[in-house]
Each structure stands twice: as structure tokens, then as C-alpha cells.
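What follows is structure.cif (mmCIF, C-alpha atoms).
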data_my_file
loop_
_atom_site.group_PDB
_atom_site.id
_atom_site.type_symbol
_atom_site.label_atom_id
_atom_site.label_comp_id
_atom_site.auth_asym_id
_atom_site.auth_seq_id
_atom_site.Cartn_x
_atom_site.Cartn_y
_atom_site.Cartn_z
ATOM 1 C CA THR A 13 46.784 -8.482 69.455
ATOM 2 C CA VAL A 14 50.224 -8.145 67.896
ATOM 3 C CA THR A 15 53.036 -9.970 69.663
ATOM 4 C CA PRO A 16 56.583 -10.882 68.548
ATOM 5 C CA LEU A 17 55.391 -14.369 67.573
ATOM 6 C CA HIS A 18 51.748 -14.214 66.550
ATOM 7 C CA SER A 19 49.141 -11.671 65.442
ATOM 8 C CA GLY A 20 45.382 -12.136 65.525
ATOM 9 C CA CYS A 21 42.680 -12.971 68.038
ATOM 10 C CA VAL A 22 41.216 -15.991 69.755
ATOM 11 C CA ASN A 23 37.933 -15.809 67.800
ATOM 12 C CA LEU A 24 39.529 -15.804 64.343
ATOM 13 C CA GLY A 25 42.956 -17.348 64.709
ATOM 14 C CA TYR A 26 46.582 -16.243 64.524
ATOM 15 C CA ARG A 27 49.263 -15.741 61.883
ATOM 16 C CA PRO A 28 53.052 -15.588 62.269
ATOM 17 C CA SER A 29 53.959 -11.974 63.065
ATOM 18 C CA ALA A 30 57.142 -12.241 60.975
ATOM 19 C CA THR A 31 55.140 -12.092 57.726
ATOM 20 C CA TYR A 32 51.627 -11.004 58.743
ATOM 21 C CA GLY A 33 50.563 -7.680 57.244
ATOM 22 C CA GLY A 34 53.583 -7.417 54.928
ATOM 23 C CA LYS A 35 56.725 -9.279 53.909
ATOM 24 C CA ARG A 36 58.518 -7.998 57.019
ATOM 25 C CA GLY A 37 55.482 -8.057 59.276
ATOM 26 C CA ILE A 38 53.968 -5.086 61.085
ATOM 27 C CA SER A 39 56.493 -2.510 62.237
ATOM 28 C CA LEU A 40 56.468 -1.330 65.836
ATOM 29 C CA GLY A 41 55.659 2.169 64.591
ATOM 30 C CA LYS A 42 52.592 0.967 62.707
ATOM 31 C CA ALA A 43 51.366 -1.065 65.685
ATOM 32 C CA MET A 44 51.736 1.960 67.973
ATOM 33 C CA THR A 45 49.975 4.205 65.460
ATOM 34 C CA ILE A 46 46.994 1.865 65.173
ATOM 35 C CA SER A 47 46.885 1.526 68.952
ATOM 36 C CA GLY A 48 46.647 5.304 69.198
ATOM 37 C CA ALA A 49 43.539 5.554 66.992
ATOM 38 C CA ALA A 50 41.577 7.243 69.764
ATOM 39 C CA ALA A 51 38.800 8.503 67.433
ATOM 40 C CA SER A 52 37.613 6.430 64.511
ATOM 41 C CA PRO A 53 34.411 5.832 62.499
ATOM 42 C CA ASN A 54 34.108 2.258 63.799
ATOM 43 C CA MET A 55 34.834 1.878 67.512
ATOM 44 C CA GLY A 56 33.158 -1.337 68.635
ATOM 45 C CA TYR A 57 30.105 -0.768 70.802
ATOM 46 C CA HIS A 58 30.840 2.974 70.831
ATOM 47 C CA SER A 59 30.074 3.150 67.099
ATOM 48 C CA SER A 60 27.251 5.218 65.607
ATOM 49 C CA THR A 61 26.190 4.942 61.952
ATOM 50 C CA LEU A 62 25.682 8.692 61.579
ATOM 51 C CA VAL A 63 28.956 9.555 63.313
ATOM 52 C CA ALA A 64 30.777 6.910 61.248
ATOM 53 C CA PHE A 65 29.500 8.452 57.999
ATOM 54 C CA LEU A 66 30.441 11.988 59.018
ATOM 55 C CA MET A 67 33.906 11.020 60.236
ATOM 56 C CA THR A 68 34.596 9.098 57.026
ATOM 57 C CA PHE A 69 33.252 11.948 54.899
ATOM 58 C CA PHE A 70 35.568 14.442 56.602
ATOM 59 C CA ASN A 71 38.434 11.913 56.566
ATOM 60 C CA ALA A 72 38.694 11.835 60.371
ATOM 61 C CA ARG A 73 39.847 8.226 60.132
ATOM 62 C CA LEU A 74 42.558 6.933 62.431
ATOM 63 C CA GLY A 75 41.992 3.183 62.138
ATOM 64 C CA TRP A 76 43.739 0.761 59.783
ATOM 65 C CA TRP A 77 42.688 -2.032 57.437
ATOM 66 C CA LEU A 78 44.723 -5.223 57.870
ATOM 67 C CA PRO A 79 44.265 -8.745 56.505
ATOM 68 C CA ASN A 80 41.850 -10.974 58.371
ATOM 69 C CA PRO A 81 44.028 -13.424 60.364
ATOM 70 C CA GLY A 82 41.243 -16.010 60.144
ATOM 71 C CA PRO A 83 40.081 -18.274 57.297
ATOM 72 C CA ALA A 84 38.484 -15.340 55.425
ATOM 73 C CA GLY A 85 41.933 -13.822 54.896
ATOM 74 C CA HIS A 86 43.899 -16.975 54.036
ATOM 75 C CA ARG A 87 44.806 -15.631 50.559
ATOM 76 C CA VAL A 88 45.762 -12.113 51.623
ATOM 77 C CA TRP A 89 47.148 -12.342 55.153
ATOM 78 C CA GLN A 90 50.682 -11.433 54.053
ATOM 79 C CA ARG A 91 49.585 -8.226 52.324
ATOM 80 C CA SER A 92 49.930 -4.872 54.046
ATOM 81 C CA GLU A 93 46.597 -3.380 52.932
ATOM 82 C CA PRO A 94 43.661 -3.904 50.513
ATOM 83 C CA ASP A 95 44.428 -3.640 46.791
ATOM 84 C CA LEU A 96 41.317 -1.509 46.244
ATOM 85 C CA GLY A 97 40.183 0.901 48.929
ATOM 86 C CA LEU A 98 36.641 1.680 47.731
ATOM 87 C CA GLY A 99 34.947 -1.352 49.292
ATOM 88 C CA PRO A 100 36.531 -0.937 52.736
ATOM 89 C CA LEU A 101 35.879 2.817 52.602
ATOM 90 C CA VAL A 102 32.154 2.266 51.961
ATOM 91 C CA ALA A 103 31.968 -0.326 54.739
ATOM 92 C CA GLU A 104 33.719 2.093 57.069
ATOM 93 C CA ALA A 105 31.357 4.953 56.180
ATOM 94 C CA LEU A 106 28.232 2.844 56.692
ATOM 95 C CA GLY A 107 29.461 1.234 59.899
ATOM 96 C CA ARG A 108 29.418 -2.252 58.357
ATOM 97 C CA THR A 109 32.885 -3.479 59.263
ATOM 98 C CA THR A 110 32.844 -7.137 60.340
ATOM 99 C CA ASP A 111 35.281 -9.981 61.015
ATOM 100 C CA ARG A 112 33.951 -12.054 58.115
ATOM 101 C CA THR A 113 35.616 -10.171 55.274
ATOM 102 C CA ARG A 114 39.126 -10.574 53.823
ATOM 103 C CA TYR A 115 40.297 -7.455 55.653
ATOM 104 C CA VAL A 116 39.395 -6.263 59.139
ATOM 105 C CA TYR A 117 39.296 -2.729 60.481
ATOM 106 C CA LEU A 118 41.451 -2.085 63.546
ATOM 107 C CA SER A 119 41.321 0.893 65.905
ATOM 108 C CA ASP A 120 42.411 1.622 69.466
ATOM 109 C CA GLY A 121 41.842 -1.323 71.800
ATOM 110 C CA GLY A 122 40.838 1.230 74.421
ATOM 111 C CA HIS A 123 37.428 1.422 72.762
ATOM 112 C CA PHE A 124 36.796 -1.845 74.569
ATOM 113 C CA GLU A 125 39.335 -2.002 77.410
ATOM 114 C CA ASN A 126 42.085 0.554 77.810
ATOM 115 C CA LEU A 127 44.738 -1.414 79.739
ATOM 116 C CA ALA A 128 44.867 -4.597 77.610
ATOM 117 C CA LEU A 129 44.450 -6.578 80.844
ATOM 118 C CA TYR A 130 41.518 -8.507 79.357
ATOM 119 C CA GLU A 131 43.675 -10.089 76.639
ATOM 120 C CA MET A 132 46.429 -11.035 79.077
ATOM 121 C CA VAL A 133 43.997 -12.766 81.407
ATOM 122 C CA LEU A 134 42.379 -14.470 78.429
ATOM 123 C CA ARG A 135 45.793 -15.971 77.593
ATOM 124 C CA ARG A 136 46.379 -16.944 81.242
ATOM 125 C CA CYS A 137 49.537 -14.841 81.657
ATOM 126 C CA GLY A 138 51.243 -15.609 84.967
ATOM 127 C CA LEU A 139 52.939 -12.276 85.717
ATOM 128 C CA ILE A 140 51.339 -9.094 84.388
ATOM 129 C CA VAL A 141 52.976 -5.672 84.726
ATOM 130 C CA LEU A 142 50.198 -3.130 84.250
ATOM 131 C CA VAL A 143 51.011 0.565 83.773
ATOM 132 C CA ASP A 144 47.911 2.761 84.002
ATOM 133 C CA ALA A 145 48.825 6.066 82.366
ATOM 134 C CA ALA A 146 45.275 7.234 81.641
ATOM 135 C CA CYS A 147 44.269 10.742 82.708
ATOM 136 C CA ASP A 148 42.655 10.251 86.117
ATOM 137 C CA PRO A 149 42.841 13.466 88.184
ATOM 138 C CA GLN A 150 40.282 12.197 90.728
ATOM 139 C CA TYR A 151 42.015 8.818 91.111
ATOM 140 C CA ALA A 152 38.793 6.964 90.333
ATOM 141 C CA TYR A 153 40.678 4.047 88.725
ATOM 142 C CA GLU A 154 37.914 3.650 86.140
ATOM 143 C CA ASP A 155 40.061 1.758 83.617
ATOM 144 C CA PHE A 156 41.288 -0.797 86.141
ATOM 145 C CA ALA A 157 37.863 -1.256 87.723
ATOM 146 C CA GLY A 158 36.238 -1.572 84.302
ATOM 147 C CA ALA A 159 38.761 -4.204 83.212
ATOM 148 C CA VAL A 160 38.216 -6.227 86.404
ATOM 149 C CA ARG A 161 34.447 -6.059 85.836
ATOM 150 C CA LYS A 162 34.627 -7.167 82.196
ATOM 151 C CA ILE A 163 37.010 -10.020 83.000
ATOM 152 C CA ARG A 164 34.782 -11.323 85.793
ATOM 153 C CA ALA A 165 31.624 -11.051 83.667
ATOM 154 C CA ASP A 166 33.032 -12.486 80.412
ATOM 155 C CA LEU A 167 35.755 -14.882 81.534
ATOM 156 C CA GLY A 168 34.588 -15.730 85.043
ATOM 157 C CA VAL A 169 38.044 -14.957 86.463
ATOM 158 C CA PRO A 170 37.998 -12.859 89.676
ATOM 159 C CA ILE A 171 40.816 -10.415 90.431
ATOM 160 C CA THR A 172 41.466 -9.305 93.996
ATOM 161 C CA LEU A 173 43.946 -6.880 95.524
ATOM 162 C CA ASN A 174 46.348 -8.458 98.003
ATOM 163 C CA ASP A 175 46.147 -7.640 101.710
ATOM 164 C CA GLY A 176 47.727 -4.281 102.486
ATOM 165 C CA SER A 177 47.973 -3.426 98.813
ATOM 166 C CA ARG A 178 45.417 -1.199 97.183
ATOM 167 C CA PRO A 179 45.281 1.714 94.742
ATOM 168 C CA THR A 180 45.075 4.967 96.673
ATOM 169 C CA ASP A 181 44.993 8.668 95.973
ATOM 170 C CA GLU A 182 47.886 11.085 96.253
ATOM 171 C CA LYS A 183 47.021 11.973 99.841
ATOM 172 C CA GLU A 184 48.306 8.627 101.038
ATOM 173 C CA ARG A 185 51.859 7.325 101.005
ATOM 174 C CA ASP A 186 53.069 4.004 99.659
ATOM 175 C CA ALA A 187 50.786 4.215 96.663
ATOM 176 C CA HIS A 188 53.197 3.944 93.753
ATOM 177 C CA TYR A 189 51.976 0.437 93.026
ATOM 178 C CA ALA A 190 49.543 -2.249 94.075
ATOM 179 C CA ILE A 191 49.650 -6.047 93.840
ATOM 180 C CA ALA A 192 46.669 -8.125 92.754
ATOM 181 C CA THR A 193 45.973 -11.827 92.295
ATOM 182 C CA VAL A 194 44.274 -13.263 89.207
ATOM 183 C CA HIS A 195 42.341 -16.329 90.372
ATOM 184 C CA TYR A 196 42.695 -18.588 87.339
ATOM 185 C CA SER A 197 42.310 -21.648 89.572
ATOM 186 C CA GLN A 198 38.660 -20.796 90.234
ATOM 187 C CA VAL A 199 37.918 -21.318 86.537
ATOM 188 C CA ASP A 200 40.631 -23.789 85.499
ATOM 189 C CA PRO A 201 41.436 -26.169 88.383
ATOM 190 C CA GLY A 202 45.126 -26.939 88.472
ATOM 191 C CA VAL A 203 46.147 -23.703 86.767
ATOM 192 C CA ARG A 204 48.336 -21.527 88.942
ATOM 193 C CA ASP A 205 46.957 -18.113 89.904
ATOM 194 C CA GLY A 206 48.538 -15.069 88.288
ATOM 195 C CA THR A 207 49.971 -11.870 89.743
ATOM 196 C CA ILE A 208 49.382 -8.285 88.616
ATOM 197 C CA ILE A 209 51.890 -5.545 89.405
ATOM 198 C CA TYR A 210 49.819 -2.388 88.980
ATOM 199 C CA LEU A 211 51.669 0.917 88.522
ATOM 200 C CA LYS A 212 50.071 4.350 88.353
ATOM 201 C CA PRO A 213 51.563 7.872 88.415
ATOM 202 C CA VAL A 214 51.008 9.041 91.996
ATOM 203 C CA LEU A 215 52.754 11.599 94.207
ATOM 204 C CA THR A 216 53.481 10.303 97.708
ATOM 205 C CA GLY A 217 55.988 12.877 98.939
ATOM 206 C CA ASP A 218 59.151 10.826 98.487
ATOM 207 C CA GLU A 219 59.852 11.854 94.885
ATOM 208 C CA PRO A 220 63.073 13.553 93.684
ATOM 209 C CA ILE A 221 63.155 17.320 94.218
ATOM 210 C CA ASP A 222 62.797 18.238 90.531
ATOM 211 C CA VAL A 223 59.627 16.135 90.280
ATOM 212 C CA SER A 224 58.114 17.590 93.444
ATOM 213 C CA ARG A 225 58.937 21.137 92.311
ATOM 214 C CA TYR A 226 57.374 20.552 88.899
ATOM 215 C CA ALA A 227 54.271 19.134 90.587
ATOM 216 C CA ALA A 228 54.030 22.149 92.891
ATOM 217 C CA ALA A 229 54.052 24.449 89.875
ATOM 218 C CA HIS A 230 51.354 22.456 88.050
ATOM 219 C CA LYS A 231 48.499 22.028 90.507
ATOM 220 C CA ASP A 232 45.617 23.011 88.223
ATOM 221 C CA PRO A 233 42.674 20.972 89.663
ATOM 222 C CA LYS A 234 41.418 20.226 86.147
ATOM 223 C CA ASN A 235 44.819 19.292 84.731
ATOM 224 C CA PRO A 236 47.246 18.431 87.560
ATOM 225 C CA PHE A 237 50.586 16.679 87.263
ATOM 226 C CA PRO A 238 50.911 13.666 87.048
ATOM 227 C CA GLN A 239 47.365 13.286 85.705
ATOM 228 C CA GLN A 240 47.492 15.804 82.898
ATOM 229 C CA SER A 241 45.277 15.362 79.862
ATOM 230 C CA THR A 242 46.392 12.799 77.291
ATOM 231 C CA LEU A 243 45.303 15.301 74.627
ATOM 232 C CA ASP A 244 48.645 16.998 75.266
ATOM 233 C CA GLN A 245 50.886 15.191 72.788
ATOM 234 C CA PHE A 246 53.766 17.685 72.836
ATOM 235 C CA PHE A 247 55.631 17.664 76.154
ATOM 236 C CA ASP A 248 58.396 20.173 76.749
ATOM 237 C CA GLU A 249 61.662 18.973 78.287
ATOM 238 C CA ALA A 250 60.682 19.639 81.909
ATOM 239 C CA GLN A 251 57.327 17.899 81.560
ATOM 240 C CA PHE A 252 58.784 14.870 79.782
ATOM 241 C CA GLU A 253 61.608 14.475 82.285
ATOM 242 C CA SER A 254 59.240 14.838 85.260
ATOM 243 C CA TYR A 255 57.050 11.992 84.025
ATOM 244 C CA ARG A 256 60.068 9.862 83.133
ATOM 245 C CA GLN A 257 61.684 10.386 86.530
ATOM 246 C CA LEU A 258 58.439 9.704 88.387
ATOM 247 C CA GLY A 259 58.052 6.460 86.459
ATOM 248 C CA GLU A 260 61.612 5.411 87.236
ATOM 249 C CA HIS A 261 61.138 6.290 90.914
ATOM 250 C CA SER A 262 57.927 4.225 91.068
ATOM 251 C CA VAL A 263 59.577 1.168 89.544
ATOM 252 C CA LEU A 264 62.663 1.442 91.779
ATOM 253 C CA THR A 265 60.401 1.675 94.828
ATOM 254 C CA LEU A 266 58.678 -1.489 93.696
ATOM 255 C CA VAL A 267 61.927 -3.369 93.071
ATOM 256 C CA GLN A 268 63.542 -2.296 96.331
ATOM 257 C CA GLU A 269 60.585 -3.343 98.443
ATOM 258 C CA ARG A 270 60.182 -6.607 96.486
ATOM 259 C CA ARG A 271 56.723 -7.328 97.826
ATOM 260 C CA TRP A 272 55.855 -9.052 94.589
ATOM 261 C CA ALA A 273 58.980 -11.214 94.356
ATOM 262 C CA ASP A 274 58.342 -14.851 93.572
ATOM 263 C CA PRO A 275 61.456 -16.823 92.493
ATOM 264 C CA ALA A 276 59.262 -19.575 91.011
ATOM 265 C CA ARG A 277 58.078 -17.141 88.323
#
Would it be possible to restate this file's structure as C-alpha cells?
Amino acid sequence: TVTPLHSGCVNLGYRPSATYGGKRGISLGKAMTISGAAASPNMGYHSSTLVAFLMTFFNARLGWWLPNPGPAGHRVWQRSEPDLGLGPLVAEALGRTTDRTRYVYLSDGGHFENLALYEMVLRRCGLIVLVDAACDPQYAYEDFAGAVRKIRADLGVPITLNDGSRPTDEKERDAHYAIATVHYSQVDPGVRDGTIIYLKPVLTGDEPIDVSRYAAAHKDPKNPFPQQSTLDQFFDEAQFESYRQLGEHSVLTLVQERRWADPAR
């Protein structure tokens, strides 16, 4: 994880973000680029040795080599990249990237968990605003359900949706958001439970007219607004503005209803 203060992970350790990965730290652009490495030779438990070799051979490499934030990288953690690229390239091609070398290979965190909810629960965050912008035309909520399952299995922390608040499909109203409780207290007695504000692009019939008109014109069952494929990286003005306005409308609905409000937080 890369935050304003620290970069690293709980298993290896953390370094100050101000100087980790370069004299001026990691830029926001670089962090976003690494986070968008949707296809990469080494993708956690999705990795395949043969696929890794072929992707490296054809230079279909979207990940990034950064200094190990743990003890193995104590001499290089302020550098931006390896001095020599041959060793990391061979390790990448053979699928032998590990967390025990001076540099570690980073790719999209979505190869493990697409919403980053796991890391926030791991750090016991009290208020979590979760925006699920994955392509989900059937409203199966696979990313959210998968995150809840991993967190319960690995961390022992259950997450439950509050009464009267649940993710729904676009056929039902009042579905712009849902509220969930993270039951930290069941694992760490004395620790206050957390709250998740879960937002997802959904049409409920109360959207501004330009958004509803755009949605009416883009009803392709395989690629409907607002669940169009994330492979589309080049929105035109109407598409961009429709998503932006729908997001603003969803957040304003949340704020106005204030179901989640808790002055103590």
C-alpha cells in the first residue's frame, strides 16, 4: 500500500513515503499507473509460468519493480528502480518474483482483491468509503462479496449489512449506496466496530434528465450504462459527464439522507 505517510506492507514493513522509491517519493501518477496493471506476467495466485514467460517475451509487462520496503531492501529503499534490469527481468519471465529480494514486483492489487477493502480492515480503519466501479452488468456484487469472504476467512472479521440497507439491482429504488458494519470487536475486544459506506453506480429513476437520457440510449444488455466495460479507456464528453453526474448524485443522496452519520467519528 502507498499512503501519504508510509509505503509497504504488514508482512515486510513500511518506509516513509516522502523518500521511498525516489528522492521525492512515488508520484501519484506512478502509483495510479502501477495500480492499473491489469495484465502482468506475475499476478499472485493467478500467475502461470508459461504465461509469464510469453508475456515477458512479448513485453506485455505492466507491473513495476520497486525497492523492498523490508530488511532485504534496507540499502536501496530510496532508489526508484533497480540499477541493472537483467536479473529482475529473468525473475519476471520465469515467474520467480518473491518478497525476499532487494526489489519487489508490484502489479494491480485487484489480482488479489479489487476494492482494497482487505487492507483497510487489516489496519482497523473506522470509517471506510468504498466505491465499487467494477463492470457488473448483472449486479452480482462479486468484488464486494469476494472481499467479505476473504476478510472473514483470513482475518476473522465478519462484515454485515445494516438493517434496511443492502446492495440491490437497478430495478429497485434507494440503491445508490448501502451501509455495512465491520465487527472488529469480535476479534479484538474493546476495539470499536467500523462502518462501510458502499457506493455503486446504479440507476434508480431519480437521476438528472441528462443521465437518464444517456442511459436510455445505451441499454445494450452486454454493455449497459452505468456498467460498461472497463476496457473502454477513452470516454467521450457525454459518457464522461454521465458517469460524473451519476456519481455526484449518488453521493448527494447519501449526504442528504445521512443514514450513516455518526458525530463521534
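Proximity ranking of A:Asn71, A:Ser197, A:Asn23, A:Gln150 relative to Gln240 of chain A places A:Gln150 first, based on all atoms listed in the file.
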Please write as a PyMOL selection string the full residue list that the PyMOL selection byres ((chain A and resi 204-219) around 8) yields on this file. chain A and resi 136-145+181-197+202-203+220-221+223-224+238-239+258-259+261-263+272
With C-alpha atoms retained, write the just-selected residues as a short mmCIF file (atom, residue, chain, number, x, y, z; two decimals), in the coordinates of the input.
data_model
loop_
_atom_site.label_atom_id
_atom_site.label_comp_id
_atom_site.auth_asym_id
_atom_site.auth_seq_id
_atom_site.Cartn_x
_atom_site.Cartn_y
_atom_site.Cartn_z
CA ARG A 136 46.38 -16.94 81.24
CA CYS A 137 49.54 -14.84 81.66
CA GLY A 138 51.24 -15.61 84.97
CA LEU A 139 52.94 -12.28 85.72
CA ILE A 140 51.34 -9.09 84.39
CA VAL A 141 52.98 -5.67 84.73
CA LEU A 142 50.20 -3.13 84.25
CA VAL A 143 51.01 0.56 83.77
CA ASP A 144 47.91 2.76 84.00
CA ALA A 145 48.82 6.07 82.37
CA ASP A 181 44.99 8.67 95.97
CA GLU A 182 47.89 11.08 96.25
CA LYS A 183 47.02 11.97 99.84
CA GLU A 184 48.31 8.63 101.04
CA ARG A 185 51.86 7.32 101.00
CA ASP A 186 53.07 4.00 99.66
CA ALA A 187 50.79 4.22 96.66
CA HIS A 188 53.20 3.94 93.75
CA TYR A 189 51.98 0.44 93.03
CA ALA A 190 49.54 -2.25 94.08
CA ILE A 191 49.65 -6.05 93.84
CA ALA A 192 46.67 -8.12 92.75
CA THR A 193 45.97 -11.83 92.30
CA VAL A 194 44.27 -13.26 89.21
CA HIS A 195 42.34 -16.33 90.37
CA TYR A 196 42.70 -18.59 87.34
CA SER A 197 42.31 -21.65 89.57
CA GLY A 202 45.13 -26.94 88.47
CA VAL A 203 46.15 -23.70 86.77
CA PRO A 220 63.07 13.55 93.68
CA ILE A 221 63.16 17.32 94.22
CA VAL A 223 59.63 16.14 90.28
CA SER A 224 58.11 17.59 93.44
CA PRO A 238 50.91 13.67 87.05
CA GLN A 239 47.36 13.29 85.70
CA LEU A 258 58.44 9.70 88.39
CA GLY A 259 58.05 6.46 86.46
CA HIS A 261 61.14 6.29 90.91
CA SER A 262 57.93 4.22 91.07
CA VAL A 263 59.58 1.17 89.54
CA TRP A 272 55.86 -9.05 94.59
#
Given the file above and the PyMOL selection byres ((chain A and resi 39-51) around 8), which residues are selected, and can you give them as a PyMOL selection string? chain A and resi 14+36-38+52-53+55+72-76+118-123
Please indicate the distance in Å from atom CA of Pro149 of chain A to atom CA of Ala128 of chain A, rounded to one decimal place.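 Here the two named atoms are 21.0 Å from each other.
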Tell me which residues the PyMOL selection byres ((chain A and resi 226) around 10) grabs here, as a PyMOL selection string. chain A and resi 221-225+227-231+237-238+250-251+253-255
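Here atom CA of Arg161 of chain A and atom CA of Val116 of chain A stand 27.2 Å from one another.
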For atom CA of Ala105 of chain A and atom CA of Glu93 of chain A, the interatomic separation in Å (one decimal): 17.7 Å
What lies within 12 Å of Asp95 of chain A using only C-alpha atoms, ignoring chain neighbours under 2 positions off, as number ranges by chain? A: 77-79, 88, 91-93, 97-100, 114-115
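If you measure from each of A:Asp232, A:Gln245, A:Tyr130, A:Thr265 to Ala165 of chain A using only C-alpha atoms, the closest one turns out to be A:Tyr130.
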